[in-house]
Amino acid sequence: MATLLHLDSAVFPQGSASRDITAAFVQAWQEQHPEGTVVYRDLAAAPLPHLDMAAVSAGVDDALRAELTAELEAADAVLIGAPMYNFTIPSTLKAWLDQVIVVGHNAGPDGPVAGTPITVVASRGGSYAPGTPREDFEFVQNYLEKVLTGMLGAEVDFIVPELTLAHSKAEMAELIPLADASRTKAFDEAAQKGKALAARFAA
C-alpha cells in the first residue's frame with residue numbers, strides 16, 4: 001500500500017483555492033488506490049514551532065524532528081498546499097521545511113527523500129507568470145523548486161491556480177474568465193496527477 005503525505009497551509013479552512021484543489025487530488029488518489037494511506041497535517045490549524053538552537057543541535061535526536069522526518073521519508077508521494085502570502089510561502093510551511101530538512105540525515109541527492117514525487121498547489125491571488133508585470137515577485141515556485149529538489153533531491157511538480165482574488169476584487173473583474181479557466185485547469189490537473197501517482201504506486 002502506498003502512502004501520501006498531505007500538507008495544507010492556507011490560513012482559512014473554507015474558501016481556500018489551495019485547500020480545495022489539494023482535496024481534489026486526495027479524492028482522486030483515494031478513488032484510484034482505496035487501500036492506500038493518507039497522512040494529513042494542517043499546518044495552519046496545528047502550526048509547528050520554529051526551529052531553535054536546541055532542535056538544530058539535536059538533529060533527528062529531537063523528538064519532533066524525528067517524527068516529522070520519519071513521516072516524510074515513509075511517504076511514497078507528498079502533496080503540499082502552498083498559497084502565496086506576501087509573495088512567498090506561509091510561515092507555517094517554512095517552519096515545516098526547517099524542521100524536516102536535516103543536513104547530514106536526509107539532505108542531498110542520495111538521501112531517503114531523493115526521487116520522491118512532490119506535488120505543490122501554489123495558488124495566488126494575482127498572476128506572477130513569466131511575462132507578467134509581477135514576474136519578479138514570484139518566490140513560491142522559485143523557492144520551493146530550489147529547496148525541495150536542491151536539498152532533498154525530490155521530483156517536484158506544480159499546479160498553479162492563479163487570479164484567485166478576481167471574484168472579490170472589483171478592479172480585477174475583467175480577469176474573472178481567466179481566473180475561472182485557471183481554476184478549472186488546476187482541478188483537472190489535480191485529479192489527473194492524483195490518479196496517476198496512485199496508480200503508479202499501487203501497481
# chains A, B, ... in the order shown; residues from 1 in each chain; ligands from 1
>>> select_by_dssp(residues="chain A", states="alpha helix (DSSP H)", output="PyMOL selection string")
chain A and resi 17-32+53-58+63-74+91-100+141-150+176-202
>>> write_last_selection(atoms="C-alpha atoms", output="mmCIF file, in the first residue's frame")
data_model
loop_
_atom_site.group_PDB
_atom_site.id
_atom_site.type_symbol
_atom_site.label_atom_id
_atom_site.label_comp_id
_atom_site.auth_asym_id
_atom_site.auth_seq_id
_atom_site.Cartn_x
_atom_site.Cartn_y
_atom_site.Cartn_z
ATOM 1 C CA ALA A 17 -8.187 27.568 -3.515
ATOM 2 C CA SER A 18 -5.168 25.559 -2.422
ATOM 3 C CA ARG A 19 -7.231 23.502 0.051
ATOM 4 C CA ASP A 20 -9.982 22.853 -2.490
ATOM 5 C CA ILE A 21 -7.504 21.662 -5.082
ATOM 6 C CA THR A 22 -5.422 19.509 -2.739
ATOM 7 C CA ALA A 23 -8.724 17.923 -1.658
ATOM 8 C CA ALA A 24 -9.481 17.080 -5.307
ATOM 9 C CA PHE A 25 -6.034 15.490 -5.617
ATOM 10 C CA VAL A 26 -6.600 13.382 -2.494
ATOM 11 C CA GLN A 27 -10.033 12.303 -3.683
ATOM 12 C CA ALA A 28 -8.579 11.106 -6.988
ATOM 13 C CA TRP A 29 -5.754 9.329 -5.140
ATOM 14 C CA GLN A 30 -8.164 7.520 -2.831
ATOM 15 C CA GLU A 31 -10.529 6.533 -5.642
ATOM 16 C CA GLN A 32 -7.628 5.034 -7.576
ATOM 17 C CA MET A 53 19.096 26.145 18.744
ATOM 18 C CA ALA A 54 18.222 23.041 20.759
ATOM 19 C CA ALA A 55 16.445 21.378 17.815
ATOM 20 C CA VAL A 56 19.260 22.223 15.399
ATOM 21 C CA SER A 57 21.833 20.813 17.795
ATOM 22 C CA ALA A 58 19.824 17.636 18.379
ATOM 23 C CA ALA A 63 11.589 14.068 19.143
ATOM 24 C CA LEU A 64 9.588 16.357 16.873
ATOM 25 C CA ARG A 65 12.159 16.377 14.096
ATOM 26 C CA ALA A 66 12.437 12.595 14.322
ATOM 27 C CA GLU A 67 8.654 12.298 13.929
ATOM 28 C CA LEU A 68 8.492 14.704 11.001
ATOM 29 C CA THR A 69 11.444 13.263 9.117
ATOM 30 C CA ALA A 70 10.155 9.717 9.576
ATOM 31 C CA GLU A 71 6.752 10.825 8.269
ATOM 32 C CA LEU A 72 8.306 12.393 5.187
ATOM 33 C CA GLU A 73 10.664 9.517 4.498
ATOM 34 C CA ALA A 74 7.845 6.963 4.788
ATOM 35 C CA SER A 91 5.490 30.869 7.607
ATOM 36 C CA THR A 92 3.891 27.648 8.849
ATOM 37 C CA LEU A 93 5.103 25.814 5.761
ATOM 38 C CA LYS A 94 8.565 27.327 6.158
ATOM 39 C CA ALA A 95 8.604 26.048 9.753
ATOM 40 C CA TRP A 96 7.788 22.536 8.499
ATOM 41 C CA LEU A 97 10.596 22.694 5.958
ATOM 42 C CA ASP A 98 13.087 23.902 8.557
ATOM 43 C CA GLN A 99 12.083 21.122 10.938
ATOM 44 C CA VAL A 100 12.033 18.327 8.380
ATOM 45 C CA GLN A 141 7.650 28.220 -7.008
ATOM 46 C CA ASN A 142 11.177 29.577 -7.256
ATOM 47 C CA TYR A 143 11.893 28.873 -3.598
ATOM 48 C CA LEU A 144 10.177 25.504 -3.309
ATOM 49 C CA GLU A 145 11.734 24.242 -6.531
ATOM 50 C CA LYS A 146 15.200 25.001 -5.164
ATOM 51 C CA VAL A 147 14.722 23.693 -1.630
ATOM 52 C CA LEU A 148 12.808 20.525 -2.498
ATOM 53 C CA THR A 149 14.996 19.497 -5.407
ATOM 54 C CA GLY A 150 18.291 21.053 -4.334
ATOM 55 C CA ILE A 176 -12.743 36.601 -13.938
ATOM 56 C CA PRO A 177 -12.845 34.466 -17.122
ATOM 57 C CA LEU A 178 -9.099 33.881 -16.866
ATOM 58 C CA ALA A 179 -9.421 33.094 -13.157
ATOM 59 C CA ASP A 180 -12.191 30.583 -13.809
ATOM 60 C CA ALA A 181 -10.174 28.927 -16.564
ATOM 61 C CA SER A 182 -7.132 28.699 -14.295
ATOM 62 C CA ARG A 183 -9.217 27.151 -11.506
ATOM 63 C CA THR A 184 -10.767 24.587 -13.841
ATOM 64 C CA LYS A 185 -7.359 23.667 -15.213
ATOM 65 C CA ALA A 186 -5.959 23.297 -11.687
ATOM 66 C CA PHE A 187 -8.778 20.950 -10.650
ATOM 67 C CA ASP A 188 -8.267 18.876 -13.794
ATOM 68 C CA GLU A 189 -4.527 18.656 -13.186
ATOM 69 C CA ALA A 190 -5.056 17.698 -9.545
ATOM 70 C CA ALA A 191 -7.416 14.875 -10.478
ATOM 71 C CA GLN A 192 -5.104 13.607 -13.204
ATOM 72 C CA LYS A 193 -1.952 13.779 -11.102
ATOM 73 C CA GLY A 194 -3.594 12.256 -8.040
ATOM 74 C CA LYS A 195 -4.904 9.353 -10.087
ATOM 75 C CA ALA A 196 -1.645 8.840 -11.967
ATOM 76 C CA LEU A 197 0.524 8.816 -8.854
ATOM 77 C CA ALA A 198 -1.809 6.457 -7.015
ATOM 78 C CA ALA A 199 -1.798 4.092 -9.999
ATOM 79 C CA ARG A 200 1.991 4.290 -10.177
ATOM 80 C CA PHE A 201 2.456 3.164 -6.593
ATOM 81 C CA ALA A 202 -0.478 0.781 -6.420
#
>>> residues_around(residues="range 151-156 of chain A", least_positions_apart="2", cutoff="8 Å", atoms="only C-alpha atoms", output="PyMOL selection string")
chain A and resi 101+106-111+113-120+145-149+158
>>> atom_distance(atom1="CA of Val11 in chain A", atom2="CA of Pro161 in chain A")
16.8 Å
>>> atom_distance(atom1="CA of Gly59 in chain A", atom2="CA of Pro83 in chain A")
28.4 Å
>>> residues_around(residues="range 122-131 of chain A", least_positions_apart="4", cutoff="9 Å", atoms="only C-alpha atoms", output="number ranges by chain")
A: 16-18, 80-85, 87, 89, 135-138, 140-141, 158-166, 172, 179
>>> select_by_dssp(residues="range 24-113 of chain A", states="strand (DSSP E)", output="ChimeraX atom specification")
/A:37-42,77-81
>>> decode(residues="range 105-124 of chain A", atoms="N, CA, C and O atoms", output="mmCIF file, in the first residue's frame")
data_model
loop_
_atom_site.group_PDB
_atom_site.id
_atom_site.type_symbol
_atom_site.label_atom_id
_atom_site.label_comp_id
_atom_site.auth_asym_id
_atom_site.auth_seq_id
_atom_site.Cartn_x
_atom_site.Cartn_y
_atom_site.Cartn_z
ATOM 1 N N HIS A 105 21.397 14.033 7.404
ATOM 2 C CA HIS A 105 20.464 12.914 7.576
ATOM 3 C C HIS A 105 19.649 12.654 6.311
ATOM 4 O O HIS A 105 19.699 11.561 5.760
ATOM 5 N N ASN A 106 18.899 13.670 5.855
ATOM 6 C CA ASN A 106 18.068 13.436 4.671
ATOM 7 C C ASN A 106 18.303 14.438 3.548
ATOM 8 O O ASN A 106 17.642 14.375 2.515
ATOM 9 N N ALA A 107 19.211 15.384 3.742
ATOM 10 C CA ALA A 107 19.513 16.353 2.690
ATOM 11 C C ALA A 107 20.560 15.775 1.746
ATOM 12 O O ALA A 107 21.462 15.056 2.167
ATOM 13 N N GLY A 108 20.391 16.080 0.465
ATOM 14 C CA GLY A 108 21.362 15.619 -0.507
ATOM 15 C C GLY A 108 20.740 14.742 -1.582
ATOM 16 O O GLY A 108 19.649 14.187 -1.401
ATOM 17 N N PRO A 109 21.419 14.601 -2.713
ATOM 18 C CA PRO A 109 20.863 13.870 -3.853
ATOM 19 C C PRO A 109 20.690 12.377 -3.627
ATOM 20 O O PRO A 109 19.971 11.717 -4.373
ATOM 21 N N ASP A 110 21.362 11.836 -2.613
ATOM 22 C CA ASP A 110 21.258 10.404 -2.341
ATOM 23 C C ASP A 110 20.519 10.111 -1.040
ATOM 24 O O ASP A 110 20.587 9.000 -0.516
ATOM 25 N N GLY A 111 19.820 11.105 -0.513
ATOM 26 C CA GLY A 111 19.128 10.929 0.754
ATOM 27 C C GLY A 111 17.848 10.120 0.615
ATOM 28 O O GLY A 111 17.437 9.745 -0.491
ATOM 29 N N PRO A 112 17.181 9.843 1.715
ATOM 30 C CA PRO A 112 15.988 8.990 1.711
ATOM 31 C C PRO A 112 14.761 9.599 1.038
ATOM 32 O O PRO A 112 13.788 8.894 0.773
ATOM 33 N N VAL A 113 14.805 10.890 0.746
ATOM 34 C CA VAL A 113 13.672 11.532 0.083
ATOM 35 C C VAL A 113 13.941 11.704 -1.414
ATOM 36 O O VAL A 113 13.046 12.052 -2.184
ATOM 37 N N ALA A 114 15.152 11.452 -1.845
ATOM 38 C CA ALA A 114 15.527 11.631 -3.250
ATOM 39 C C ALA A 114 14.604 10.816 -4.150
ATOM 40 O O ALA A 114 14.356 9.633 -3.905
ATOM 41 N N GLY A 115 14.092 11.473 -5.182
ATOM 42 C CA GLY A 115 13.212 10.805 -6.129
ATOM 43 C C GLY A 115 11.753 10.775 -5.734
ATOM 44 O O GLY A 115 10.901 10.385 -6.539
ATOM 45 N N THR A 116 11.423 11.185 -4.514
ATOM 46 C CA THR A 116 10.025 11.197 -4.084
ATOM 47 C C THR A 116 9.252 12.265 -4.857
ATOM 48 O O THR A 116 9.675 13.424 -4.911
ATOM 49 N N PRO A 117 8.113 11.915 -5.465
ATOM 50 C CA PRO A 117 7.327 12.930 -6.172
ATOM 51 C C PRO A 117 6.585 13.835 -5.191
ATOM 52 O O PRO A 117 5.861 13.360 -4.316
ATOM 53 N N ILE A 118 6.793 15.130 -5.334
ATOM 54 C CA ILE A 118 6.106 16.123 -4.503
ATOM 55 C C ILE A 118 5.300 17.032 -5.419
ATOM 56 O O ILE A 118 5.853 17.663 -6.318
ATOM 57 N N THR A 119 3.998 17.078 -5.195
ATOM 58 C CA THR A 119 3.122 17.962 -5.959
ATOM 59 C C THR A 119 2.772 19.159 -5.089
ATOM 60 O O THR A 119 2.307 18.999 -3.962
ATOM 61 N N VAL A 120 3.000 20.352 -5.618
ATOM 62 C CA VAL A 120 2.735 21.591 -4.882
ATOM 63 C C VAL A 120 1.599 22.341 -5.558
ATOM 64 O O VAL A 120 1.661 22.631 -6.760
ATOM 65 N N VAL A 121 0.550 22.643 -4.801
ATOM 66 C CA VAL A 121 -0.525 23.502 -5.296
ATOM 67 C C VAL A 121 -0.190 24.922 -4.857
ATOM 68 O O VAL A 121 -0.356 25.289 -3.690
ATOM 69 N N ALA A 122 0.330 25.703 -5.795
ATOM 70 C CA ALA A 122 0.838 27.045 -5.496
ATOM 71 C C ALA A 122 -0.176 28.087 -5.957
ATOM 72 O O ALA A 122 -0.042 28.702 -7.021
ATOM 73 N N SER A 123 -1.201 28.303 -5.143
ATOM 74 C CA SER A 123 -2.247 29.258 -5.503
ATOM 75 C C SER A 123 -1.793 30.682 -5.226
ATOM 76 O O SER A 123 -0.949 30.927 -4.373
ATOM 77 N N ARG A 124 -2.375 31.615 -5.973
ATOM 78 C CA ARG A 124 -2.054 33.027 -5.773
ATOM 79 C C ARG A 124 -3.191 33.915 -6.248
ATOM 80 O O ARG A 124 -3.910 33.567 -7.195
#
